[in-house]
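S.K.: Once you've had a glance at the structure underneath, I'll fire off some questions.
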Amino acid sequence: MLTLRLIKEETDRVVRGLEKKHFAGAKEAVELALEIDRKRRETQGRLDNLLSESKQFAAQIGKLMKQGLKDEAEAAKSEVAKKKEEIASLQAALKQYEEDLVKHLCTIPNIPNEDVPEGAGAEDNVVVKEGGVKPELGKDALPHWELAKKYNLIDFELGAKVTGAGFPFYIGKMARFQRALEAFFLEEARKNGYLEVQPPLVVNQASGYGTGQLPDKEGQMYHAEVDDLYLIPTAEVPVTNIFRDVILDEKDLPVKRCAYSACFRREAGAYGKDVRGLNRLHEFDKVEIVRIDTPEHSYDSLNEMLAHVEGLLQKLELPYRILRLCGGDMSFTSAICYDFEVWSAAQQRWLEVSSTSNFESYQANRLKCRYRRSSDKKIELCHTLNGSALALPRIVASLMENNQTPEGIRVPQALIPYCGFELLDDKNF
RNA sequence: GGAAAGUUGCCGGAGUGGUCGAACGGGCCGCACUCGAAAUGCGGUGACCGGGUAACUGGUCCGGGGGUUCGAAUCCCUCACUUUCCGCCA
């Protein structure tokens, strides 16, 4: 959530930012936040005075009791009893204002960085770079779901039988290939200085709130109700929550973490042709990179992350493009976001494989992830960033389609050391 | 899943109703001594929310939440976690 300080000190900039993000009722939302805060502060002032007085009374009573002056003590007791009711009601009011404020702030999205292009939707995103070579496939080129069947690499029906749609089985060489991709992505991250962690795949409610999945996207997460735990939609959730309520030292920044995890998404409301095959799954594998940094350095960090992700796509020899998302298409929490898409030759469309964002202090404020500045020992909010590096299914889909040959699917050179074969086909042994 | 004991500041650890934000020890920072360092001595050492340009100042925080009381780290309830024992088990 946005800091109250920002809303107070730079009200106009916040309103303009929200408008750029096509957030309806920006001005009203900001004014309401300021109004709740004003009431909150006023209430606290009154409460603090009353508490201060009754503390003095209590200390007085203690002394009187020690001196054995029972009557005086009793008189003081009844005096302080009168204040109790007002204290209770002010405390309740204060608590309510605080809750209202947080609740309201959580409904206000992050404001975009000034580099974010204007625009309402996906059509306004800006292609900042294109790389790689789109393959020329013959007329008989197959989409990946056909290839999967042809070589018995992925069984969607079996997944549907055992679990449900969107939970495929990966078979034989494809299972090994996915394992190779995970190892490749993790190894590349390690080479770039990310510390690998293997996180829990389920998290508690507090973590869901910390990274903003809750309460808004509650319907997108699988919920294990008996224990009130949520299946993670991305490793971002457990990995970023490591730093919830943590005060870091500036000298330890940037913190760089990477994690491989399965990701679970209900994808409620997503239907149609875009969901075929590997295009959209309920469970998939992903390597995530996360960074915590100072405000001064976070955009350098972002650039390093972008270069890292781009390097992966180049090593996989995939045709790709990088989009800078426009204000209207960005996620709720990001200040700037770059999408990486790979070309899926048989489907003749771009598939998103990574979303790399700087959340600035928006997420850190919710998490209470802070750092102590070396220069003046002041405590400030960190900036948080994350990106997929990378999500497997669409990479797999694109590799299958782009690299199909009459003999099988050609494995990119960079992956051969990891999987131990050069061709994806049904010859398993 | 059953039983017991715990959860206090950066760390260890006291504290069972009345100047306790918290003894004591360690760490860390500053100062003194020293050519420098060690050792020693002295002083300091939290977060959060208010008020104030500031110095400073009011409030909250002893695992989380709730309760008893004029007053709670201290008593009660509840939840979470930790440790040990039993059960189960990859």
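Ligands are numbered from 1 in the order shown, residues from 1 within each chain, and chains are lettered A, B, ... in the order they appear in the structure tokens.
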Identify every residue of chain A that has at least one atom within 9 Å of any atom of chain B, counting only C-alpha atoms (C1' of nucleotides), and report the result as a PyMOL selection string.
M.R.: chain A and resi 41-42+44-45+47-49+51-52+54-55+57-59+61-63+65-66+73-74+76-81
S.K.: Fewer than 2 positions away in the same chain doesn't count, so skip those; otherwise give me all residues within 10 Å of B:U8, counting only C-alpha atoms (C1' of nucleotides), as a list in words.
M.R.: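 Residues meeting the cut-off are G13, A14, G15, A22, C62, G63 and A73 of chain B.
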S.K.: Write the residues of the selection above to a file with C-alpha atoms (C1' of nucleotides), as a compact mmCIF listing (two decimals), in the first residue's frame.
M.R.:
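Below you can see result-v7.txt, which holds the result:
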```
# COMPACT_ATOMS: atom_id res chain seq x y z
C1' G B 13 18.96 -14.11 31.22
C1' A B 14 16.26 -12.02 35.96
C1' G B 15 11.68 -10.41 37.16
C1' A B 22 12.25 -3.63 32.23
C1' C B 62 7.75 -8.19 27.63
C1' G B 63 4.84 -14.47 21.36
C1' A B 73 5.74 -8.71 31.81
```
S.K.: Can you tell me, as a PyMOL selection string, what residues are no more than 9 Å from stretch 113-123 of chain A when counting only C-alpha atoms (C1' of nucleotides), ignoring any on the same chain fewer than 2 positions away?
M.R.: chain A and resi 17+20-22+111+125-126+324-330+334-337
S.K.: Just the residues within 12 Å of B:C85, please, counting only C-alpha atoms (C1' of nucleotides), with nothing from its chain fewer than 5 positions along; format it as a short mmCIF file (atom, residue, chain, number, x, y, z; two decimals) with C-alpha atoms (C1' of nucleotides), in the first residue's frame.
M.R.:
```cif
data_model
loop_
_atom_site.label_atom_id
_atom_site.label_comp_id
_atom_site.auth_asym_id
_atom_site.auth_seq_id
_atom_site.Cartn_x
_atom_site.Cartn_y
_atom_site.Cartn_z
"C1'" G B 2 -1.89 -37.05 23.58
"C1'" A B 3 1.12 -35.01 27.91
"C1'" A B 4 4.44 -31.47 30.17
"C1'" A B 5 7.47 -27.10 30.19
#
```
S.K.: Using only C-alpha atoms, which of A:Leu94, A:Leu142, A:Glu85, A:Glu188 sits nearest A:Gly408?
M.R.: A:Leu142
S.K.: Would you list the contacts of A:Glu98 as a list of chain:residue names, taking every protein, DNA or RNA residue within 12 Å and counting only C-alpha atoms (C1' of nucleotides), but skipping same-chain residues closer than 6 positions in sequence?
M.R.: A:Leu4, A:Ala33, A:Glu35, A:Ile36, A:Asp37, A:Arg38, A:Lys39, A:Arg40, A:Arg41, A:Thr43, A:Gln44, A:Gln91, A:Ala92, A:His104, A:Leu105, B:C49
S.K.: Generate a file of the selected residues that holds all heavy atoms, formatted as a tab-separated table (two decimals), in the first residue's frame.
M.R.:
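Output (part18.tsv):
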```
chain	number	residue	atom	x	y	z
A	4	LEU	N	1.21	6.81	3.81
A	4	LEU	CA	0.41	7.98	4.11
A	4	LEU	C	1.23	9.24	3.87
A	4	LEU	O	0.72	10.28	3.44
A	4	LEU	CB	-0.05	7.91	5.57
A	4	LEU	CG	-1.30	8.67	5.94
A	4	LEU	CD1	-2.45	8.30	5.03
A	4	LEU	CD2	-1.66	8.36	7.37
A	33	ALA	N	-8.61	8.99	2.35
A	33	ALA	CA	-7.47	8.54	3.16
A	33	ALA	C	-7.01	9.65	4.09
A	33	ALA	O	-6.77	9.42	5.28
A	33	ALA	CB	-6.33	8.10	2.25
A	35	GLU	N	-8.74	12.12	5.17
A	35	GLU	CA	-9.80	12.41	6.13
A	35	GLU	C	-9.78	11.39	7.28
A	35	GLU	O	-9.87	11.76	8.45
A	35	GLU	CB	-11.15	12.39	5.41
A	35	GLU	CG	-12.37	12.49	6.30
A	35	GLU	CD	-12.45	13.82	7.05
A	35	GLU	OE1	-11.68	14.75	6.71
A	35	GLU	OE2	-13.24	13.90	8.00
A	36	ILE	N	-9.65	10.13	6.93
A	36	ILE	CA	-9.59	9.11	7.98
A	36	ILE	C	-8.38	9.35	8.87
A	36	ILE	O	-8.45	9.25	10.09
A	36	ILE	CB	-9.51	7.68	7.38
A	36	ILE	CG1	-10.76	7.37	6.55
A	36	ILE	CG2	-9.37	6.64	8.49
A	36	ILE	CD1	-10.67	6.07	5.76
A	37	ASP	N	-7.27	9.69	8.24
A	37	ASP	CA	-6.05	9.94	9.00
A	37	ASP	C	-6.22	11.12	9.94
A	37	ASP	O	-5.76	11.09	11.08
A	37	ASP	CB	-4.88	10.19	8.05
A	37	ASP	CG	-3.61	10.50	8.80
A	37	ASP	OD1	-3.22	9.67	9.65
A	37	ASP	OD2	-3.00	11.56	8.57
A	38	ARG	N	-6.87	12.15	9.48
A	38	ARG	CA	-7.08	13.33	10.31
A	38	ARG	C	-7.89	12.95	11.56
A	38	ARG	O	-7.54	13.31	12.68
A	38	ARG	CB	-7.84	14.40	9.51
A	38	ARG	CG	-7.80	15.78	10.11
A	38	ARG	CD	-8.73	16.74	9.39
A	38	ARG	NE	-10.12	16.29	9.34
A	38	ARG	CZ	-10.93	16.24	10.39
A	38	ARG	NH1	-10.51	16.61	11.57
A	38	ARG	NH2	-12.18	15.80	10.26
A	39	LYS	N	-8.93	12.17	11.36
A	39	LYS	CA	-9.76	11.74	12.50
A	39	LYS	C	-8.96	10.86	13.43
A	39	LYS	O	-9.09	10.92	14.65
A	39	LYS	CB	-10.97	10.96	11.98
A	39	LYS	CG	-12.04	11.82	11.34
A	39	LYS	CD	-13.24	10.93	11.04
A	39	LYS	CE	-14.25	11.61	10.14
A	39	LYS	NZ	-15.05	10.61	9.40
A	40	ARG	N	-8.16	10.00	12.84
A	40	ARG	CA	-7.35	9.09	13.64
A	40	ARG	C	-6.42	9.87	14.56
A	40	ARG	O	-6.33	9.61	15.76
A	40	ARG	CB	-6.52	8.19	12.71
A	40	ARG	CG	-5.70	7.16	13.44
A	40	ARG	CD	-4.73	6.46	12.49
A	40	ARG	NE	-3.36	6.77	12.86
A	40	ARG	CZ	-2.51	7.44	12.11
A	40	ARG	NH1	-2.88	7.89	10.93
A	40	ARG	NH2	-1.29	7.67	12.53
A	41	ARG	N	-5.75	10.85	14.01
A	41	ARG	CA	-4.78	11.61	14.80
A	41	ARG	C	-5.47	12.39	15.91
A	41	ARG	O	-4.98	12.47	17.03
A	41	ARG	CB	-3.98	12.54	13.89
A	41	ARG	CG	-3.13	11.78	12.90
A	41	ARG	CD	-1.97	12.59	12.36
A	41	ARG	NE	-2.24	14.00	12.19
A	41	ARG	CZ	-2.74	14.55	11.09
A	41	ARG	NH1	-3.02	13.80	10.04
A	41	ARG	NH2	-2.95	15.84	11.02
A	43	THR	N	-8.27	11.62	17.38
A	43	THR	CA	-8.70	10.67	18.40
A	43	THR	C	-7.54	10.25	19.28
A	43	THR	O	-7.66	10.16	20.49
A	43	THR	CB	-9.31	9.42	17.73
A	43	THR	OG1	-10.33	9.83	16.84
A	43	THR	CG2	-9.89	8.48	18.77
A	44	GLN	N	-6.42	10.01	18.65
A	44	GLN	CA	-5.27	9.57	19.44
A	44	GLN	C	-4.81	10.64	20.41
A	44	GLN	O	-4.43	10.35	21.54
A	44	GLN	CB	-4.11	9.16	18.54
A	44	GLN	CG	-2.99	8.56	19.37
A	44	GLN	CD	-1.80	8.11	18.59
A	44	GLN	OE1	-1.87	7.93	17.38
A	44	GLN	NE2	-0.70	7.91	19.30
A	91	GLN	N	-10.54	4.26	22.53
A	91	GLN	CA	-9.68	3.18	22.05
A	91	GLN	C	-10.35	2.42	20.91
A	91	GLN	O	-9.72	2.09	19.91
A	91	GLN	CB	-9.34	2.21	23.19
A	91	GLN	CG	-8.13	2.65	23.99
A	91	GLN	CD	-7.90	1.83	25.24
A	91	GLN	OE1	-8.83	1.22	25.76
A	91	GLN	NE2	-6.67	1.82	25.72
A	92	ALA	N	-11.63	2.19	21.08
A	92	ALA	CA	-12.37	1.50	20.04
A	92	ALA	C	-12.39	2.32	18.76
A	92	ALA	O	-12.21	1.79	17.66
A	92	ALA	CB	-13.79	1.20	20.51
A	104	HIS	N	-8.66	0.93	3.55
A	104	HIS	CA	-8.84	1.85	2.43
A	104	HIS	C	-7.58	1.97	1.60
A	104	HIS	O	-7.63	1.95	0.37
A	104	HIS	CB	-9.27	3.22	2.96
A	104	HIS	CG	-9.45	4.24	1.88
A	104	HIS	ND1	-10.35	4.07	0.85
A	104	HIS	CD2	-8.82	5.40	1.63
A	104	HIS	CE1	-10.27	5.11	0.02
A	104	HIS	NE2	-9.34	5.93	0.47
A	105	LEU	N	-6.44	2.09	2.28
A	105	LEU	CA	-5.17	2.21	1.54
A	105	LEU	C	-4.93	0.98	0.67
A	105	LEU	O	-4.32	1.08	-0.40
A	105	LEU	CB	-4.00	2.42	2.51
A	105	LEU	CG	-3.92	3.79	3.18
A	105	LEU	CD1	-2.80	3.82	4.20
A	105	LEU	CD2	-3.72	4.90	2.15
B	49	C	P	5.04	4.80	12.65
B	49	C	OP1	4.61	4.77	11.25
B	49	C	OP2	6.23	5.57	13.04
B	49	C	O5'	3.82	5.33	13.54
B	49	C	C5'	2.55	4.69	13.47
B	49	C	C4'	1.63	5.31	14.47
B	49	C	O4'	2.07	4.97	15.81
B	49	C	C3'	1.63	6.82	14.48
B	49	C	O3'	0.83	7.35	13.43
B	49	C	C2'	1.07	7.12	15.86
B	49	C	O2'	-0.31	6.91	15.92
B	49	C	C1'	1.77	6.03	16.69
B	49	C	N1	3.03	6.52	17.29
B	49	C	C2	2.95	7.24	18.49
B	49	C	O2	1.84	7.45	18.99
B	49	C	N3	4.10	7.69	19.07
B	49	C	C4	5.28	7.44	18.50
B	49	C	N4	6.37	7.89	19.11
B	49	C	C5	5.38	6.71	17.27
B	49	C	C6	4.25	6.27	16.71
```
S.K.: Would you mind listing, for every residue of stretch 386-407 of chain A within 10 Å of stretch 221-240 of chain A, the two atoms forming the shortest contact and the distance between them in Å to one decimal, using only C-alpha atoms, sorted by chain and ascending residue number, as a Markdown table?
M.R.:
```
| residue | atom | partner | partner_atom | distance |
| --- | --- | --- | --- | --- |
| A:Asn386 | CA | A:Glu236 | CA | 7.1 |
| A:Gly387 | CA | A:Glu236 | CA | 8.5 |
| A:Ser388 | CA | A:Thr234 | CA | 9.1 |
| A:Ala391 | CA | A:Thr234 | CA | 9.8 |
```
S.K.: For the residues selected in the previous step, produce a file with all heavy atoms as a PDB file, in the first residue's frame.
M.R.:
```
ATOM      1  N   ASN A 386      10.616  -8.178  -8.228  1.00  0.00           N
ATOM      2  CA  ASN A 386      10.692  -9.595  -8.558  1.00  0.00           C
ATOM      3  C   ASN A 386      10.431  -9.827 -10.028  1.00  0.00           C
ATOM      4  O   ASN A 386       9.973  -8.930 -10.746  1.00  0.00           O
ATOM      5  CB  ASN A 386       9.754 -10.434  -7.681  1.00  0.00           C
ATOM      6  CG  ASN A 386       8.300 -10.196  -7.982  1.00  0.00           C
ATOM      7  OD1 ASN A 386       7.908 -10.151  -9.142  1.00  0.00           O
ATOM      8  ND2 ASN A 386       7.488 -10.037  -6.964  1.00  0.00           N
ATOM      9  N   GLY A 387      10.786 -11.033 -10.448  1.00  0.00           N
ATOM     10  CA  GLY A 387      10.575 -11.384 -11.840  1.00  0.00           C
ATOM     11  C   GLY A 387      10.620 -12.880 -12.014  1.00  0.00           C
ATOM     12  O   GLY A 387      11.255 -13.585 -11.230  1.00  0.00           O
ATOM     13  N   SER A 388       9.933 -13.364 -13.033  1.00  0.00           N
ATOM     14  CA  SER A 388      10.007 -14.777 -13.351  1.00  0.00           C
ATOM     15  C   SER A 388      11.273 -15.001 -14.161  1.00  0.00           C
ATOM     16  O   SER A 388      11.569 -14.233 -15.056  1.00  0.00           O
ATOM     17  CB  SER A 388       8.808 -15.217 -14.182  1.00  0.00           C
ATOM     18  OG  SER A 388       7.775 -14.270 -14.099  1.00  0.00           O
ATOM     19  N   ALA A 391       9.100 -18.922 -16.118  1.00  0.00           N
ATOM     20  CA  ALA A 391       8.003 -19.872 -15.957  1.00  0.00           C
ATOM     21  C   ALA A 391       8.101 -20.918 -17.068  1.00  0.00           C
ATOM     22  O   ALA A 391       8.322 -20.589 -18.229  1.00  0.00           O
ATOM     23  CB  ALA A 391       6.670 -19.144 -16.031  1.00  0.00           C
TER      24      ALA A 391
END
```
S.K.: Using only C-alpha atoms (C1' of nucleotides), determine which residues lie at most 12 Å from B:G30, disregarding the query and same-chain residues fewer than 2 positions distant; provide the list as number ranges by chain.
M.R.: B: 28, 32, 42-45
S.K.: Suppose we keep N, CA, C and O atoms (P, O5', C5', C4', C3', O3' and C1' of nucleotides); can you now write the selection as a short mmCIF file (atom, residue, chain, number, x, y, z; two decimals), in the first residue's frame?
M.R.:
```
data_model
loop_
_atom_site.label_atom_id
_atom_site.label_comp_id
_atom_site.auth_asym_id
_atom_site.auth_seq_id
_atom_site.Cartn_x
_atom_site.Cartn_y
_atom_site.Cartn_z
P C B 28 31.62 -6.24 19.97
"O5'" C B 28 30.67 -5.05 19.48
"C5'" C B 28 29.94 -5.17 18.25
"C4'" C B 28 28.93 -4.05 18.15
"C3'" C B 28 29.50 -2.65 18.35
"O3'" C B 28 30.09 -2.15 17.16
"C1'" C B 28 27.55 -2.89 19.66
P A B 32 38.71 11.09 23.99
"O5'" A B 32 39.08 10.49 25.42
"C5'" A B 32 38.96 11.30 26.59
"C4'" A B 32 39.32 10.49 27.81
"C3'" A B 32 40.70 9.84 27.77
"O3'" A B 32 41.71 10.77 28.12
"C1'" A B 32 39.10 8.28 28.56
P C B 42 32.96 1.84 35.71
"O5'" C B 42 32.58 3.17 34.93
"C5'" C B 42 32.72 4.45 35.55
"C4'" C B 42 32.48 5.54 34.55
"C3'" C B 42 31.15 5.47 33.80
"O3'" C B 42 30.06 5.96 34.57
"C1'" C B 42 32.88 5.90 32.26
P G B 43 28.62 5.32 34.35
"O5'" G B 43 28.20 5.90 32.93
"C5'" G B 43 27.90 7.29 32.79
"C4'" G B 43 27.75 7.65 31.34
"C3'" G B 43 26.65 6.92 30.58
"O3'" G B 43 25.36 7.44 30.83
"C1'" G B 43 28.60 6.95 29.27
P G B 44 24.10 6.45 30.69
"O5'" G B 44 23.97 6.26 29.10
"C5'" G B 44 23.67 7.37 28.27
"C4'" G B 44 23.85 6.99 26.82
"C3'" G B 44 22.92 5.90 26.30
"O3'" G B 44 21.65 6.41 25.97
"C1'" G B 44 25.12 5.46 25.58
P U B 45 20.39 5.43 26.13
"O5'" U B 45 20.56 4.35 24.98
"C5'" U B 45 20.73 4.75 23.62
"C4'" U B 45 21.15 3.55 22.80
"C3'" U B 45 20.18 2.38 22.85
"O3'" U B 45 19.21 2.53 21.83
"C1'" U B 45 22.40 1.60 23.12
#
```
S.K.: Got a sec: who's within 10 Å of B:G17, counting only C-alpha atoms (C1' of nucleotides), leaving out chain neighbours fewer than 5 positions off, as a list in words?
M.R.: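 Near neighbours after the sequence-gap exclusion: U69, G71, A72, U74 and C75 of chain B.
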S.K.: Could you tell me, as a PyMOL selection string, which residues of stretch 346-399 of chain A DSSP assigns to alpha helix (DSSP H) when given the backbone?
M.R.: chain A and resi 362-367+392-399
S.K.: Emit the selected residues as a PDB file, in the first residue's frame, including N, CA and C atoms.
M.R.:
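Dumped everything to again29.pdb:
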```pdb
ATOM      1  N   TYR A 362       5.782   0.108  -2.310  1.00  0.00           N
ATOM      2  CA  TYR A 362       4.369  -0.244  -2.138  1.00  0.00           C
ATOM      3  C   TYR A 362       4.195  -1.556  -1.381  1.00  0.00           C
ATOM      4  N   GLN A 363       4.927  -2.573  -1.827  1.00  0.00           N
ATOM      5  CA  GLN A 363       4.818  -3.875  -1.191  1.00  0.00           C
ATOM      6  C   GLN A 363       5.545  -3.868   0.164  1.00  0.00           C
ATOM      7  N   ALA A 364       6.670  -3.171   0.211  1.00  0.00           N
ATOM      8  CA  ALA A 364       7.462  -3.111   1.445  1.00  0.00           C
ATOM      9  C   ALA A 364       6.678  -2.450   2.573  1.00  0.00           C
ATOM     10  N   ASN A 365       5.835  -1.503   2.218  1.00  0.00           N
ATOM     11  CA  ASN A 365       5.037  -0.829   3.245  1.00  0.00           C
ATOM     12  C   ASN A 365       4.055  -1.804   3.883  1.00  0.00           C
ATOM     13  N   ARG A 366       3.464  -2.632   3.072  1.00  0.00           N
ATOM     14  CA  ARG A 366       2.557  -3.648   3.581  1.00  0.00           C
ATOM     15  C   ARG A 366       3.317  -4.683   4.400  1.00  0.00           C
ATOM     16  N   LEU A 367       4.491  -5.048   3.901  1.00  0.00           N
ATOM     17  CA  LEU A 367       5.306  -6.072   4.555  1.00  0.00           C
ATOM     18  C   LEU A 367       6.024  -5.544   5.787  1.00  0.00           C
ATOM     19  N   LEU A 392       7.945 -22.184 -16.693  1.00  0.00           N
ATOM     20  CA  LEU A 392       8.237 -23.251 -17.649  1.00  0.00           C
ATOM     21  C   LEU A 392       7.238 -23.492 -18.774  1.00  0.00           C
ATOM     22  N   PRO A 393       5.940 -23.585 -18.512  1.00  0.00           N
ATOM     23  CA  PRO A 393       5.063 -24.171 -19.533  1.00  0.00           C
ATOM     24  C   PRO A 393       5.105 -23.466 -20.884  1.00  0.00           C
ATOM     25  N   ARG A 394       5.103 -22.164 -20.896  1.00  0.00           N
ATOM     26  CA  ARG A 394       5.068 -21.477 -22.190  1.00  0.00           C
ATOM     27  C   ARG A 394       6.430 -21.512 -22.873  1.00  0.00           C
ATOM     28  N   ILE A 395       7.483 -21.572 -22.051  1.00  0.00           N
ATOM     29  CA  ILE A 395       8.812 -21.778 -22.631  1.00  0.00           C
ATOM     30  C   ILE A 395       8.825 -23.137 -23.335  1.00  0.00           C
ATOM     31  N   VAL A 396       8.284 -24.126 -22.649  1.00  0.00           N
ATOM     32  CA  VAL A 396       8.230 -25.477 -23.215  1.00  0.00           C
ATOM     33  C   VAL A 396       7.378 -25.483 -24.479  1.00  0.00           C
ATOM     34  N   ALA A 397       6.233 -24.815 -24.420  1.00  0.00           N
ATOM     35  CA  ALA A 397       5.335 -24.768 -25.583  1.00  0.00           C
ATOM     36  C   ALA A 397       6.046 -24.147 -26.768  1.00  0.00           C
ATOM     37  N   SER A 398       6.699 -23.047 -26.522  1.00  0.00           N
ATOM     38  CA  SER A 398       7.367 -22.335 -27.595  1.00  0.00           C
ATOM     39  C   SER A 398       8.543 -23.137 -28.151  1.00  0.00           C
ATOM     40  N   LEU A 399       9.324 -23.729 -27.251  1.00  0.00           N
ATOM     41  CA  LEU A 399      10.447 -24.561 -27.720  1.00  0.00           C
ATOM     42  C   LEU A 399       9.949 -25.726 -28.564  1.00  0.00           C
TER      43      LEU A 399
END
```
S.K.: I'd like the interatomic distance between atom CA of A:Lys129 and atom CA of A:Arg321, to a tenth of an Å.
M.R.: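 Computed distance, atom CA of A:Lys129 to atom CA of A:Arg321, equals 5.5 Å.
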S.K.: Just checking: using only C-alpha atoms, which residue out of A:Leu351, A:Glu130, A:Thr107, A:Arg372 ends up closest to A:Val275?
M.R.: A:Leu351
S.K.: So how many Å separate atom CA of A:Gly138 and atom CA of A:Asn403, to one decimal?
M.R.: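 Interatomic distance here is 11.9 Å.
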